[in-house]
Structures are given as structure tokens and as C-alpha cells.
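Shown next, in C-alpha cells, is the structure this report addresses.
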There are 2 protein chains.
Amino acid sequence: MNNFIYHNPVKIVFGKGSIKELSELIPKESKILMTYGGGSIKKNGVYEQVKSALKDFNVLEFGGIEPNPRYETLMKAVDICKNEKIDFLLSVGGGSVLDGTKFISAAAKYENGDPWDILSKDAEIKDAIPLGDVLTLSATGSEMNMWAVISRESTKEKLAFGHPLVYPKFSILDPETTFSLSEWQTANGIVDAFVHVLEQYMTYPVNALVQDRFAEALLKILIEEGPKAIKNPKDYDTRANIMWAATQALNGNIGVGVPQDWATHSIGHELTAFYGLDHARTLAIVLPGVWKHQKAAKEEKLKQYAKQVWNYEGSDSVDKAIEFTEQFFRSLGMKTKLKENGIGEEKFEEIANRFEIRNQKLGEHQNIGKKEVIEILKLCLE
Amino acid sequence: MNNFIYHNPVKIVFGKGSIKELSELIPKESKILMTYGGGSIKKNGVYEQVKSALKDFNVLEFGGIEPNPRYETLMKAVDICKNEKIDFLLSVGGGSVLDGTKFISAAAKYENGDPWDILSKDAEIKDAIPLGDVLTLSATGSEMNMWAVISRESTKEKLAFGHPLVYPKFSILDPETTFSLSEWQTANGIVDAFVHVLEQYMTYPVNALVQDRFAEALLKILIEEGPKAIKNPKDYDTRANIMWAATQALNGNIGVGVPQDWATHSIGHELTAFYGLDHARTLAIVLPGVWKHQKAAKEEKLKQYAKQVWNYEGSDSVDKAIEFTEQFFRSLGMKTKLKENGIGEEKFEEIANRFEIRNQKLGEHQNIGKKEVIEILKLCLE
């Protein structure tokens, strides 16, 4: 096991009816900016529950944060925070709204120039508006970590940042808020969480048994519960198990003391930036390509995964591991090939150039550069 | 899954060589009271490492905290804290030193009378001296929770308290500090951690898959790695896996949203108070008795445990689950019967009376009272 530091101060308030705890979780006298997305919270009753819980607070609203939250949109909220002297941000929605709110939190207190530098230049964050959230989609794990991914429309960039100051003070996870998710959204969430686990697991062994067994447990739970959630979207326990598994997938617990990959996410982000594909849909395409390309480097862990997660042992278990994973994605309604999404080789060079420009190498061995990204994308074609 | 709140702010610094991080973890200018036990840290190099890391701090020392730390001893440290205006406590040792230090932390700031009331009357804690620790024995999980168990010699009582103010600010977990543990101590630690998991698992099913699979993972790791640690006490990975598993066993993560038992611990505490048996040794005796007595109530989970942890399915899997567990304890050198420890029925009435006096019912159904405690103890005899 590698040395590590683990510190996660997020308070999780989990279960049905927990939105009413909001008034105890936000400091009294706070002036709140409530952020949300396209308005689904107004259809499923979450908006009413939040407003009711906060009836004694001064609450402003900022709706319209997109999936793949955009810098351009978020900067409007930053202006509101400054002009209105907002002292608490409440994200009500999925990971995109929450990631966007984390950026608003840091950008509103950033005094050294363009807040885009937080994303593009890793500019130092010294202060941030405290934030909390009501989660309505299990997927990104953002509710229990300090990370956020933001897109810039004008330059087609999609970049991540993280800082302890943007840990949510609390996250309210009520599985009932996910009952109204469509099959499409549910599948997205399951695949996103599944790949989060794999980015921290599918590397090389370092004999970290707790992390490995926990990761395998989360994968098996998502494999078991995913199809159930699609079949019975209002089954509480199924939604609860998926919600808690998705949070555990990216709260740091399975990622400490082990090597991590994240090549699939990095390449996937570019596919979203270039083609507007949903985040999870890019992962379902790229992951099998990365594994095929890195088969030798990941051999031991692919075999372990085949055995522990898919209960398969055999001389072809490396290939079977990839096959089973792709089949699982497809069983959830995902396309796993670029051509199925109408995407060909045309922009491979341009996409791969992004990594060269940023001088960015990918993977647990940091050996995936421009050339290898093109090779991987070719393996994702059909 | 039941509703829950999870919040654990402890910073874990894990790995070889991590004691040197101490100087960065304790606020500058702190006046530190370093607490420790019987002096083993002076033989295994830990004392020197700590003193070296803290060479620029003002450090006082308080040694001699016993296993089952005693109120009478700890109150001497409370006096030092008050007289010397200590503003940081550093526990260097195992769970007993750390539990004792948590009590010192709260008692030194307790202004409403006898600090024993914190334990006996659940008196309110309003302030505490901040504390951190260097852990040298994997067992209690105290390094990542807010709980402590304290004994009072004069009245033969052993009681627990917990408060968010006594969460360690940090815990340094260097597996190398456990290389010098004896077989006896190593076995104690493994059984303690193992039973911690079971107190949160062996109840009745609530379809909490993450908690169940994580708990089963920890049990399997302890079953695999325990004998290895006894055979090869200086194997780093083995010690590291046990250390991290023991922390995960009682940091709240597997216990949220599920019923909990703790009857074994409560009865075991009395055996320690009456007979001075090591904590873990009482657990190895009492757990099988509790399970035999509660076989019907725990039937579903006993079957699940037999299948998931021991890979056993059959019409006798409930009995086999108990048998395998007892065999595992015995394989680590534990005695699992009272009579093997020279204890008969003489004090069963007096022991069981303790629960009646405190009006305390035990178990996940809160249906174990005086009568049932005597029945359980009889099942532990031979």
C-alpha cells in the first residue's frame, strides 16, 4: 500500500425526508443563493421542499446551470454573489449544478484576475463562499469531494479543479429525489459511478486489500442494482444503494494509497467538449479503448477484476473482463463505439493535440501522450 | 437502508515514515502534553521519532496510562493540563492511551463538577483540549472516531462516552510501529477489530448493500491477514492492511444506516471490570454466547455471513457461522470459554445486575436484560 493522507470533512445527511434538515444545516442569518439546473426540481417536488425548509431564510435563486456547467453561465452567478453579498451557496440538483456551484464559490472570492485561471492555470484559491447541496442525481460523487469540472463554451475546453475550501459543508442525499430520473439519466449515473471506481482500481496491484475489496464491492452493487433501478425507478432501497455507492465511489476512500488512472475521463472530457456527448456516454466509449490499449500494463488487475467482480477465471480472462464491462454498459442502453454516435476519425488529431498543448500525460504510468490518445480513439471507433 | 448522518473530520496520515509529519500537524507555539502507556514506545523507536519530530515544540510527558485506562490515573494528567495550561494533547500508543487522552481532553475543560459524570451521567461536554495521535496498535478504531472507554478502579466500572469535540484532529498510522507487537497483542487487535465489524453487521437485514459488502470485506481481510501478521510480524503490507481495516471497522462508515448490536462489548466490559481479562479476550468468549442466544433473531444475517464471509451454504449454516467464528478466534490463540479462563458462575448475578441498575437493555432489539445476560453467560461457560 502506498502512503496517503485521507481527510474528508463533508457531513452526509442521508435518507427520505432529509431535505427538511436544511434549516438546521445552514447558519442562521445567511443570505443564500440557491443554484439549480434546467428546472426539473420544479416538477418533482424538490424545489417546494427546499423552499419550505428555508422559509425563514433570505434566499435568492440562480437557475439554468447546464449539464457540463459553463463558465460563461457561472460567471453571471459570481456577479450576483458579489453584488448581493451572498454568504451561503445551496446547490439543488445533480453533479453539474454542484460542480458549477463549487466554481461560483471559489470564483466569487478570487481577486487576482480572471477566475478561469483557477481551471487553466491552477491559480491559488485563498477563500470561497461556503456551500452545501441537495443532491438529486447519483453519479459524480461531487457531493463528498472537493472536485469540480467546468466547461468553457467559447474555447470548447473542459477542465477540472479542486480545493479543500469547496468541500460541501453538508450534502443532503434523499433517494426519493431520484425517483423521477429517466432511464437515460439513471444509466448515465450508474456508468459514471462505475467508471469512477475503475479509474482508481484498474491500474496495477499494490496489495491494498481494503481499497480493492471496497472497490469490487461497489462495482458489484452497481452491476446488481443498476438494472433494477431502470426497471423499478421508485424502489427506495435500490435508489438508496445506488446513491450511497455513487458517493462512496469518489469520496476518496477507495482511492487512497493506490495508483490511479483517469485517462478515460481525460479523453472523455474532450469528446464532450468537441461533440457535446454526455459525460457518462463518453466514458462507456473510451474505457474499453483505454483497456485494450493498456492491456499489458493492466493485466494483473484485469484478471483480478474478472475473478472478483465477474466471477470468471480462465486464460482469456483479460479479454473477458473488457467484454463483460462493455456488455454491462450496453445492457444499460449505452452505445460503446464512436461510430454508433456518428463520430469518425476526423478530429482525432485535434483532440489529441489538446494533451500535447497542455503538456499532459495520462494514465497511472503517465505514458499516454498524443500518439497514444490517437491509438486509443481508433480502438473506440467500432 | 435506515436514514443516517455521517460526518467524520479526522485527518488520517498513513504510511511508513509518517511520524515526521507531526510538526506540520500540530499548531505552532502549542504547549503539548504527550501521553503514553507502559513504555513500549521507548523500546521500539517510536518515542525517539516523536521527540525528534517535535524538537521545536514545548512538550511535557505523561506516561503510565494502563490498558483499560483508569479514571484515577487520567485525573493526574487532567491536573497537569490545568496547571501547565496545556493546549494540545498528543497520544502515542494504542487505543487505551488514546481513549484515556480523549477523556483527559474533555475532563480538563469540564467545569460542572466531577468529570466522572461525563461517563456515568452523560454530562454535557462544552469544550475540550484538541488532540492528535500516533497509533501503535491496530485494534480499537479510536483513531478515527469520537468514542472512548474508561475504567474506574475503585468501583470496578468500565464506561464509554463520545463527543465530536474529542475526534482526533489527526491520526498518524505508520504500520511499522506495529512490527514489535507480540502475538498476544496482535491477536487482541485482530479480534477487537473483527468484533467491531460484527457488532454493526450481525443484526437483521435492512438491504444496505454498501455497508454489508464493506463489512464482509473487512472480515475477510482480517481472516486472511491475521494469521500472516502473527507468522511474519514485520511484513509491511500485512500490517498495513490490518491497520487500515481496523480503522475502517469503527470509523462509522460500515455502521451508518444499519441496526447495531454491541451486546458483546457491553457484557465483555463487565468481564474486564470484574476479572481484568483483556478486552479482546472477553469478546472472543462473549460473542459466540450472544449469537447462540440470539440465533433466531440473527438467523438471516448469520446465513448471509456464512455464505459471504465463509463461503458456506447449507441447512446448518447458522450453526456453522458460529463454529467458524469461534475456530477463527482459537486459531489466533484465543480462549473462547469462561472456564478456560478459570471463571465460573459465581458472579453472573452480580454482573447481570449492573445492567439492571443502569436500566440498560442490550442488543439491536433492546431485549437483552438481566435475565438474558445470565443466560448468555451460561452459554459462554464451556
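By order of appearance in the C-alpha cells: chains A, B, ..., then residues from 1 within every chain, and ligands from 1 in the order shown.
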
Per-residue nearest contacts chain A to chain B, cut-off 10 Å, using only C-alpha atoms, as a tab-separated table:
residue	atom	partner	partner_atom	distance
A:Met1	CA	B:Asp237	CA	6.3
A:Asn2	CA	B:Gly15	CA	7.0
A:Asn3	CA	B:Gly15	CA	4.3
A:Phe4	CA	B:Phe14	CA	5.2
A:Ile5	CA	B:Val13	CA	4.6
A:Tyr6	CA	B:Ile12	CA	5.0
A:His7	CA	B:Lys11	CA	4.4
A:Asn8	CA	B:Pro9	CA	6.0
A:Pro9	CA	B:Pro9	CA	4.4
A:Val10	CA	B:His7	CA	6.2
A:Lys11	CA	B:His7	CA	4.4
A:Ile12	CA	B:Tyr6	CA	5.0
A:Val13	CA	B:Ile5	CA	4.6
A:Phe14	CA	B:Phe4	CA	5.2
A:Gly15	CA	B:Asn3	CA	4.3
A:Lys16	CA	B:Asn3	CA	6.9
A:Gly17	CA	B:Asn3	CA	8.9
A:Ser18	CA	B:Asn3	CA	8.2
A:Phe170	CA	B:His7	CA	8.9
A:Ser171	CA	B:Ile5	CA	9.9
A:Ile172	CA	B:Ile5	CA	9.3
A:Leu173	CA	B:Asn3	CA	9.7
A:Asp174	CA	B:Asn3	CA	9.0
A:Val206	CA	B:Asp237	CA	8.8
A:Asn207	CA	B:Asp237	CA	6.7
A:Ala208	CA	B:Asn241	CA	6.5
A:Leu209	CA	B:Asn241	CA	6.1
A:Val210	CA	B:Ala245	CA	6.3
A:Gln211	CA	B:Trp244	CA	9.4
A:Asp212	CA	B:Ala217	CA	9.4
A:Arg213	CA	B:Ala217	CA	5.8
A:Phe214	CA	B:Phe214	CA	5.8
A:Ala215	CA	B:Phe214	CA	9.3
A:Glu216	CA	B:Arg213	CA	9.3
A:Ala217	CA	B:Arg213	CA	5.8
A:Leu218	CA	B:Val210	CA	6.9
A:Lys220	CA	B:Arg213	CA	9.4
A:Ile221	CA	B:Leu209	CA	6.9
A:Glu225	CA	B:Leu209	CA	9.5
A:Tyr236	CA	B:Met1	CA	8.7
A:Asp237	CA	B:Met1	CA	6.4
A:Thr238	CA	B:Asn207	CA	8.7
A:Ala240	CA	B:Met1	CA	7.0
A:Asn241	CA	B:Leu209	CA	6.1
A:Ile242	CA	B:Val210	CA	8.9
A:Trp244	CA	B:Val210	CA	7.2
A:Ala245	CA	B:Val210	CA	6.3
A:Gln248	CA	B:Val210	CA	8.5
A:Asn253	CA	B:Gln248	CA	9.7
A:Val256	CA	B:Phe14	CA	9.4
A:Gly257	CA	B:Phe14	CA	8.4

Which of segment 94-309 of chain B DSSP labels strand (DSSP E), written as a ChimeraX atom specification: /B:131-135,147-152,157-162,170-173

Show which residues sit within 8 Å of segment 143-156 of chain B, as a tab-separated table (two decimals) with C-alpha atoms, in the first residue's frame. Count only C-alpha atoms, and ignore same-chain residues fewer than 5 positions away.
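The result, written out as around.tsv:
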chain	number	residue	atom	x	y	z
B	8	ASN	CA	-16.01	12.19	10.24
B	10	VAL	CA	-10.39	13.07	11.29
B	12	ILE	CA	-5.50	10.22	8.58
B	68	ASN	CA	-8.34	-0.18	30.19
B	69	PRO	CA	-7.25	3.34	31.10
B	70	ARG	CA	-8.16	4.29	34.63
B	71	TYR	CA	-10.01	7.38	35.73
B	72	GLU	CA	-7.75	7.62	38.76
B	95	GLY	CA	-6.43	2.55	21.80
B	98	LEU	CA	-5.92	7.31	23.02
B	99	ASP	CA	-9.19	6.67	24.85
B	100	GLY	CA	-7.58	7.92	28.04
B	102	LYS	CA	-9.84	11.72	24.91
B	103	PHE	CA	-11.08	11.66	28.49
B	119	LEU	CA	-19.09	8.74	31.83
B	133	ASP	CA	-2.35	10.70	18.00
B	135	LEU	CA	-1.19	4.95	16.76
B	161	PHE	CA	-18.52	8.30	26.26
B	162	GLY	CA	-18.36	10.07	22.94
B	163	HIS	CA	-18.38	13.67	21.69
B	164	PRO	CA	-17.44	15.41	18.43
B	165	LEU	CA	-15.00	17.63	20.36
B	166	VAL	CA	-12.78	14.60	21.07
B	167	TYR	CA	-12.36	13.50	17.47
B	168	PRO	CA	-8.60	13.44	16.91
B	171	SER	CA	-4.11	10.29	13.46
B	247	THR	CA	-9.61	1.84	11.36
B	250	LEU	CA	-15.06	1.59	13.54
B	251	ASN	CA	-14.93	4.92	11.73
B	252	GLY	CA	-18.69	4.93	11.20
B	273	ALA	CA	-14.10	-4.86	35.10
B	274	PHE	CA	-14.68	-7.95	37.28

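All residues of protein, DNA or RNA that reach within 6 Å of segment 358-368 of chain B, judged by only C-alpha atoms and not counting those fewer than 4 positions away in the chain, are Gln260, Asp261, Ala263 and Glu372 of chain B.
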
Would you kindly return, as JSON, numbers by chain, each protein, DNA or RNA residue with an atom no farther than 6 Å from any atom of segment 277-291 of chain A, considering only C-alpha atoms and excluding same-chain residues fewer than 2 positions away? {"A": [188, 191, 192, 264, 268, 272, 275, 293, 294, 295, 336, 337, 376, 379, 380]}

Write the residues of the selection above to a file with N, CA and C atoms, as a PDB file, in the first residue's frame.
ATOM      1  N   ASN A 188     -26.785   6.951 -17.085  1.00  0.00           N
ATOM      2  CA  ASN A 188     -25.629   7.857 -17.022  1.00  0.00           C
ATOM      3  C   ASN A 188     -24.989   7.830 -15.638  1.00  0.00           C
ATOM      4  N   VAL A 191     -23.165   4.451 -14.859  1.00  0.00           N
ATOM      5  CA  VAL A 191     -21.910   4.306 -15.602  1.00  0.00           C
ATOM      6  C   VAL A 191     -20.857   5.280 -15.077  1.00  0.00           C
ATOM      7  N   ASP A 192     -21.270   6.481 -14.745  1.00  0.00           N
ATOM      8  CA  ASP A 192     -20.315   7.461 -14.217  1.00  0.00           C
ATOM      9  C   ASP A 192     -19.694   6.933 -12.918  1.00  0.00           C
ATOM     10  N   THR A 264      -9.387   7.629 -19.048  1.00  0.00           N
ATOM     11  CA  THR A 264     -10.722   7.577 -19.656  1.00  0.00           C
ATOM     12  C   THR A 264     -11.454   8.901 -19.456  1.00  0.00           C
ATOM     13  N   GLY A 268     -12.447  11.380 -22.391  1.00  0.00           N
ATOM     14  CA  GLY A 268     -13.892  11.586 -22.448  1.00  0.00           C
ATOM     15  C   GLY A 268     -14.274  13.061 -22.379  1.00  0.00           C
ATOM     16  N   THR A 272     -16.717  15.240 -24.949  1.00  0.00           N
ATOM     17  CA  THR A 272     -17.836  16.112 -24.570  1.00  0.00           C
ATOM     18  C   THR A 272     -17.603  17.522 -25.103  1.00  0.00           C
ATOM     19  N   TYR A 275     -17.945  17.235 -29.065  1.00  0.00           N
ATOM     20  CA  TYR A 275     -19.169  16.726 -29.685  1.00  0.00           C
ATOM     21  C   TYR A 275     -20.418  16.880 -28.826  1.00  0.00           C
ATOM     22  N   HIS A 293      -5.825  -0.828 -25.136  1.00  0.00           N
ATOM     23  CA  HIS A 293      -4.509  -0.255 -25.406  1.00  0.00           C
ATOM     24  C   HIS A 293      -3.513  -0.568 -24.287  1.00  0.00           C
ATOM     25  N   GLN A 294      -4.004  -0.605 -23.045  1.00  0.00           N
ATOM     26  CA  GLN A 294      -3.131  -0.776 -21.876  1.00  0.00           C
ATOM     27  C   GLN A 294      -3.223  -2.195 -21.299  1.00  0.00           C
ATOM     28  N   LYS A 295      -3.631  -3.123 -22.155  1.00  0.00           N
ATOM     29  CA  LYS A 295      -3.908  -4.484 -21.689  1.00  0.00           C
ATOM     30  C   LYS A 295      -2.713  -5.084 -20.943  1.00  0.00           C
ATOM     31  N   THR A 336     -21.314   2.003 -27.130  1.00  0.00           N
ATOM     32  CA  THR A 336     -19.923   1.926 -26.665  1.00  0.00           C
ATOM     33  C   THR A 336     -18.908   2.140 -27.787  1.00  0.00           C
ATOM     34  N   LYS A 337     -19.393   2.654 -28.924  1.00  0.00           N
ATOM     35  CA  LYS A 337     -18.498   2.891 -30.064  1.00  0.00           C
ATOM     36  C   LYS A 337     -18.708   4.306 -30.595  1.00  0.00           C
ATOM     37  N   ILE A 376      -5.744   5.056 -28.993  1.00  0.00           N
ATOM     38  CA  ILE A 376      -6.899   4.667 -28.162  1.00  0.00           C
ATOM     39  C   ILE A 376      -8.200   5.027 -28.870  1.00  0.00           C
ATOM     40  N   LEU A 379      -9.205   2.634 -31.358  1.00  0.00           N
ATOM     41  CA  LEU A 379      -9.769   1.404 -30.770  1.00  0.00           C
ATOM     42  C   LEU A 379     -11.219   1.596 -30.321  1.00  0.00           C
ATOM     43  N   CYS A 380     -11.656   2.855 -30.251  1.00  0.00           N
ATOM     44  CA  CYS A 380     -13.032   3.149 -29.820  1.00  0.00           C
ATOM     45  C   CYS A 380     -13.979   3.317 -31.000  1.00  0.00           C
TER      46      CYS A 380
END

At a cut-off of 12 Å, using only C-alpha atoms, what residues contact Lys307 of chain A? Leave out same-chain residues fewer than 4 positions from it and give the result as a VMD selection string. chain A and resid 216 220 300 to 303 311 to 318 320 to 321 324

Excluding Ser30 of chain A and residues on its chain fewer than 5 positions from it, collect all residues at most 7 Å away from it, counting only C-alpha atoms, and give them as an MDAnalysis selection string. chainID A and resid 57 87:88

DSSP says alpha helix (DSSP H) for which residues of segment 157-276 of chain B? Put them as a short mmCIF file (atom, residue, chain, number, x, y, z; two decimals) with N, CA and C atoms, in the first residue's frame?
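After the write, states-v5.cif holds the following:
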data_model
loop_
_atom_site.label_atom_id
_atom_site.label_comp_id
_atom_site.auth_asym_id
_atom_site.auth_seq_id
_atom_site.Cartn_x
_atom_site.Cartn_y
_atom_site.Cartn_z
N GLU B 183 2.61 -11.65 19.61
CA GLU B 183 1.50 -12.44 19.07
C GLU B 183 0.22 -12.16 19.83
N TRP B 184 0.35 -12.09 21.14
CA TRP B 184 -0.79 -11.86 22.04
C TRP B 184 -1.49 -10.53 21.69
N GLN B 185 -0.68 -9.47 21.57
CA GLN B 185 -1.25 -8.14 21.27
C GLN B 185 -1.82 -8.10 19.86
N THR B 186 -1.12 -8.74 18.93
CA THR B 186 -1.58 -8.76 17.54
C THR B 186 -2.94 -9.46 17.46
N ALA B 187 -3.03 -10.60 18.13
CA ALA B 187 -4.30 -11.34 18.13
C ALA B 187 -5.41 -10.51 18.77
N ASN B 188 -5.09 -9.85 19.88
CA ASN B 188 -6.07 -8.97 20.52
C ASN B 188 -6.61 -7.94 19.54
N GLY B 189 -5.71 -7.32 18.81
CA GLY B 189 -6.12 -6.27 17.88
C GLY B 189 -7.02 -6.79 16.78
N ILE B 190 -6.65 -7.95 16.25
CA ILE B 190 -7.42 -8.53 15.15
C ILE B 190 -8.83 -8.90 15.62
N VAL B 191 -8.91 -9.51 16.79
CA VAL B 191 -10.23 -9.91 17.31
C VAL B 191 -11.06 -8.68 17.67
N ASP B 192 -10.44 -7.67 18.22
CA ASP B 192 -11.18 -6.46 18.56
C ASP B 192 -11.80 -5.85 17.30
N ALA B 193 -10.97 -5.68 16.27
CA ALA B 193 -11.47 -5.10 15.01
C ALA B 193 -12.56 -5.99 14.39
N PHE B 194 -12.32 -7.28 14.42
CA PHE B 194 -13.27 -8.25 13.84
C PHE B 194 -14.64 -8.11 14.51
N VAL B 195 -14.63 -8.03 15.84
CA VAL B 195 -15.90 -7.94 16.57
C VAL B 195 -16.54 -6.56 16.39
N HIS B 196 -15.73 -5.53 16.23
CA HIS B 196 -16.32 -4.22 15.91
C HIS B 196 -17.17 -4.30 14.64
N VAL B 197 -16.62 -4.95 13.63
CA VAL B 197 -17.38 -5.10 12.39
C VAL B 197 -18.68 -5.84 12.67
N LEU B 198 -18.57 -6.93 13.41
CA LEU B 198 -19.75 -7.79 13.64
C LEU B 198 -20.83 -7.10 14.48
N GLU B 199 -20.43 -6.23 15.39
CA GLU B 199 -21.43 -5.53 16.21
C GLU B 199 -22.32 -4.65 15.33
N LEU B 209 -26.62 -2.39 1.05
CA LEU B 209 -25.62 -3.22 0.37
C LEU B 209 -24.19 -2.73 0.55
N VAL B 210 -24.00 -1.40 0.52
CA VAL B 210 -22.63 -0.90 0.66
C VAL B 210 -22.08 -1.28 2.04
N GLN B 211 -22.89 -1.02 3.06
CA GLN B 211 -22.44 -1.33 4.42
C GLN B 211 -22.19 -2.83 4.58
N ASP B 212 -23.07 -3.67 4.07
CA ASP B 212 -22.89 -5.12 4.21
C ASP B 212 -21.66 -5.62 3.47
N ARG B 213 -21.51 -5.18 2.22
CA ARG B 213 -20.36 -5.67 1.44
C ARG B 213 -19.05 -5.16 2.02
N PHE B 214 -19.02 -3.91 2.48
CA PHE B 214 -17.80 -3.38 3.10
C PHE B 214 -17.48 -4.16 4.39
N ALA B 215 -18.51 -4.41 5.20
CA ALA B 215 -18.29 -5.15 6.45
C ALA B 215 -17.73 -6.54 6.14
N GLU B 216 -18.33 -7.22 5.18
CA GLU B 216 -17.86 -8.57 4.82
C GLU B 216 -16.43 -8.50 4.30
N ALA B 217 -16.11 -7.45 3.54
CA ALA B 217 -14.74 -7.30 3.03
C ALA B 217 -13.75 -7.18 4.19
N LEU B 218 -14.09 -6.37 5.18
CA LEU B 218 -13.17 -6.20 6.32
C LEU B 218 -12.99 -7.51 7.08
N LEU B 219 -14.08 -8.24 7.27
CA LEU B 219 -13.98 -9.52 7.97
C LEU B 219 -13.06 -10.48 7.22
N LYS B 220 -13.24 -10.55 5.90
CA LYS B 220 -12.42 -11.46 5.10
C LYS B 220 -10.94 -11.05 5.13
N ILE B 221 -10.70 -9.76 5.11
CA ILE B 221 -9.31 -9.28 5.16
C ILE B 221 -8.67 -9.66 6.50
N LEU B 222 -9.41 -9.49 7.59
CA LEU B 222 -8.85 -9.84 8.91
C LEU B 222 -8.62 -11.35 9.02
N ILE B 223 -9.51 -12.13 8.42
CA ILE B 223 -9.34 -13.59 8.44
C ILE B 223 -8.10 -14.01 7.64
N GLU B 224 -7.90 -13.34 6.51
CA GLU B 224 -6.74 -13.65 5.65
C GLU B 224 -5.43 -13.15 6.24
N GLU B 225 -5.45 -11.90 6.69
CA GLU B 225 -4.20 -11.24 7.06
C GLU B 225 -3.79 -11.50 8.50
N GLY B 226 -4.76 -11.79 9.37
CA GLY B 226 -4.46 -12.01 10.79
C GLY B 226 -3.37 -13.05 11.01
N PRO B 227 -3.58 -14.26 10.53
CA PRO B 227 -2.55 -15.30 10.73
C PRO B 227 -1.21 -14.92 10.11
N LYS B 228 -1.25 -14.19 8.99
CA LYS B 228 0.01 -13.76 8.36
C LYS B 228 0.80 -12.83 9.28
N ALA B 229 0.08 -11.92 9.94
CA ALA B 229 0.76 -10.95 10.82
C ALA B 229 1.41 -11.67 11.99
N ILE B 230 0.77 -12.72 12.45
CA ILE B 230 1.34 -13.47 13.58
C ILE B 230 2.56 -14.25 13.12
N LYS B 231 2.50 -14.74 11.89
CA LYS B 231 3.62 -15.52 11.35
C LYS B 231 4.79 -14.62 10.93
N TYR B 236 5.32 -5.61 5.96
CA TYR B 236 4.71 -4.27 5.94
C TYR B 236 3.28 -4.29 5.41
N ASP B 237 3.08 -4.92 4.25
CA ASP B 237 1.74 -4.89 3.65
C ASP B 237 0.69 -5.55 4.54
N THR B 238 1.07 -6.64 5.18
CA THR B 238 0.13 -7.31 6.07
C THR B 238 -0.26 -6.38 7.22
N ARG B 239 0.74 -5.79 7.84
CA ARG B 239 0.47 -4.87 8.95
C ARG B 239 -0.35 -3.67 8.46
N ALA B 240 -0.03 -3.19 7.25
CA ALA B 240 -0.74 -2.02 6.70
C ALA B 240 -2.21 -2.37 6.44
N ASN B 241 -2.45 -3.53 5.86
CA ASN B 241 -3.83 -3.93 5.58
C ASN B 241 -4.63 -4.12 6.87
N ILE B 242 -4.02 -4.70 7.88
CA ILE B 242 -4.72 -4.87 9.16
C ILE B 242 -4.97 -3.51 9.79
N MET B 243 -3.97 -2.64 9.73
CA MET B 243 -4.12 -1.32 10.35
C MET B 243 -5.28 -0.53 9.72
N TRP B 244 -5.33 -0.55 8.39
CA TRP B 244 -6.36 0.24 7.72
C TRP B 244 -7.74 -0.43 7.88
N ALA B 245 -7.75 -1.76 7.90
CA ALA B 245 -9.02 -2.47 8.13
C ALA B 245 -9.56 -2.18 9.53
N ALA B 246 -8.68 -2.16 10.52
CA ALA B 246 -9.13 -1.90 11.90
C ALA B 246 -9.69 -0.49 12.03
N THR B 247 -9.08 0.46 11.32
CA THR B 247 -9.61 1.84 11.36
C THR B 247 -10.98 1.89 10.69
N GLN B 248 -11.09 1.25 9.53
CA GLN B 248 -12.36 1.25 8.80
C GLN B 248 -13.46 0.51 9.57
N ALA B 249 -13.04 -0.40 10.45
CA ALA B 249 -14.01 -1.19 11.20
C ALA B 249 -14.84 -0.34 12.15
N ALA B 263 -24.07 -5.81 22.25
CA ALA B 263 -24.26 -6.58 23.48
C ALA B 263 -22.96 -7.26 23.90
N THR B 264 -22.22 -7.81 22.92
CA THR B 264 -20.95 -8.47 23.25
C THR B 264 -20.00 -7.52 23.95
N HIS B 265 -19.88 -6.31 23.43
CA HIS B 265 -19.00 -5.34 24.08
C HIS B 265 -19.47 -5.01 25.50
N SER B 266 -20.77 -4.79 25.65
CA SER B 266 -21.27 -4.39 26.97
C SER B 266 -21.03 -5.48 28.01
N ILE B 267 -21.30 -6.70 27.65
CA ILE B 267 -21.07 -7.80 28.60
C ILE B 267 -19.57 -8.02 28.80
N GLY B 268 -18.83 -7.91 27.71
CA GLY B 268 -17.37 -8.06 27.79
C GLY B 268 -16.74 -7.02 28.72
N HIS B 269 -17.23 -5.78 28.65
CA HIS B 269 -16.69 -4.74 29.53
C HIS B 269 -16.81 -5.14 31.00
N GLU B 270 -17.93 -5.79 31.34
CA GLU B 270 -18.10 -6.21 32.73
C GLU B 270 -17.12 -7.31 33.11
N LEU B 271 -16.84 -8.20 32.15
CA LEU B 271 -15.85 -9.26 32.44
C LEU B 271 -14.47 -8.65 32.68
N THR B 272 -14.15 -7.61 31.91
CA THR B 272 -12.87 -6.93 32.16
C THR B 272 -12.90 -6.25 33.52
N ALA B 273 -14.01 -5.58 33.82
CA ALA B 273 -14.10 -4.86 35.10
C ALA B 273 -14.02 -5.83 36.28
N PHE B 274 -14.65 -6.99 36.16
CA PHE B 274 -14.68 -7.95 37.28
C PHE B 274 -13.41 -8.80 37.37
N TYR B 275 -12.89 -9.21 36.20
CA TYR B 275 -11.81 -10.21 36.23
C TYR B 275 -10.50 -9.71 35.62
#

Rank nothing, just name the residue among B:Cys81, B:Ile374, B:Leu54, B:Ile351 nearest to Glu157 of chain B, using only C-alpha atoms. B:Ile351
